[in-house]
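This report refers to the structure that appears directly beneath it.
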Amino acid sequence: MNIERLSTGVRGLDELIEGGIPRGFFVVATGEPGCGKTILCIHFINQGILENDKNIYITTEESRESIINQAAQFNMDFNKAIVEKKLIIIDALMGGDDPWTLKSLDLEALVNKIIEAKKYLGYGRARVVIDSISAYWLDKPSMARRYSYFIKKVLSKWDFTVMATAQYAITTGEAHGFGVEHVGDVIIRFKRIIRGGKLCRFLVIEKARQTNHCLYAHEIDITTGQGLIIGKKLEVRKEDYTLPRYIYDRIISIKKKEVKNFDHSSL
């Protein structure tokens, strides 16, 4: 089957997902804070700039300037891309007065602003990052599946390949919000552990539709001037994954609540 795939822009990551992300897919990058989700998104957008895609970055937890500065740390010139109409960064945090800001975390306003930005950038293959999508259901996590499905359905009609970050619920080990991982076509899970007193990061491709993906976790590093780097396969140790009984019981309790809330939602 001939599938057009988009490069993530991260050396070594494309090889884990059969050459890249299928065009039009909805990708969810989930994990704890500080694991590299935003940096993956920056790579994804920078690769789109290099390939002359139409690129839109929505930031809900950092300012536009913060995203530009982070990109610059990895030798990616987002300011130039904005001037050349290859990139629009929509600031949903600061709520300024320029055309590319959002004053509230309203889902319909988000989608309308993305479509407006696409029209401004022009016709062609497009990439959009929503960092983070969890911000839209923090006070109503049972709506995560409905909201993410709505975004996926609408933006697919506008030739978008979507990458969204989702917050990691430490108590359950899943993305914050019931169902977002079901809607995602590709799930990239970031995790971290302490090994020998040192913080270590890694990622694993947990799901990839229409794709033979690698089933092994890989260590990652974040380096100034280069960004996200895929390292060796993780050496699995039982103590890294075995949960204490009280945490396991807590997970079961929370999952039962989520299912109950989901059954009583307006879906």
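Numbering starts fresh at 1 for the residues of each chain in the structure tokens, the chains themselves are lettered A, B, ... in the order given, and ligands are numbered from 1 as they appear.
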Can you list, as a list in words, every protein, DNA or RNA residue that comes within 8 Å of Leu105 of chain A when you count only C-alpha atoms, leaving out same-chain residues fewer than 4 positions away?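 The residues that qualify are Ala92, Ala109, Leu110, Ala135 and Tyr136 of chain A.
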Identify all residues of segment 67-229 of chain A in strand (DSSP E) (DSSP on the backbone) and supply them as a ChimeraX atom specification. /A:87-91,126-131,160-169,174-175,186-195,198-208,218-223,227-229
Closest to Arg125 of chain A among A:Lys86, A:Lys207, A:Lys54, A:Arg195, using only C-alpha atoms?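 Using only C-alpha atoms, Arg125 of chain A sits closest to A:Lys54.
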Nearest candidate to Ile82 of chain A (options A:Tyr123, A:Asp106, A:Ala117, A:Ile151; using only C-alpha atoms):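 Looking only at the distances to Ile82 of chain A, the closest residue turns out to be A:Ala117.
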Counting only C-alpha atoms, give me one row per residue of segment 64-144 of chain A with an atom at most 10 Å from an atom of segment 22-28 of chain A, showing the shortest contact pair and its distance in Å to one decimal, sorted by chain then residue number, as a Markdown table.
| residue | atom | partner | partner_atom | distance |
| --- | --- | --- | --- | --- |
| A:Arg125 | CA | A:Arg23 | CA | 8.6 |
| A:Ala126 | CA | A:Gly24 | CA | 8.8 |
| A:Arg127 | CA | A:Gly24 | CA | 8.8 |
| A:Val128 | CA | A:Phe26 | CA | 9.8 |
| A:Val129 | CA | A:Val27 | CA | 9.4 |
| A:Ile130 | CA | A:Val28 | CA | 9.6 |
| A:Ser132 | CA | A:Val28 | CA | 9.8 |
| A:Ile133 | CA | A:Val28 | CA | 9.1 |
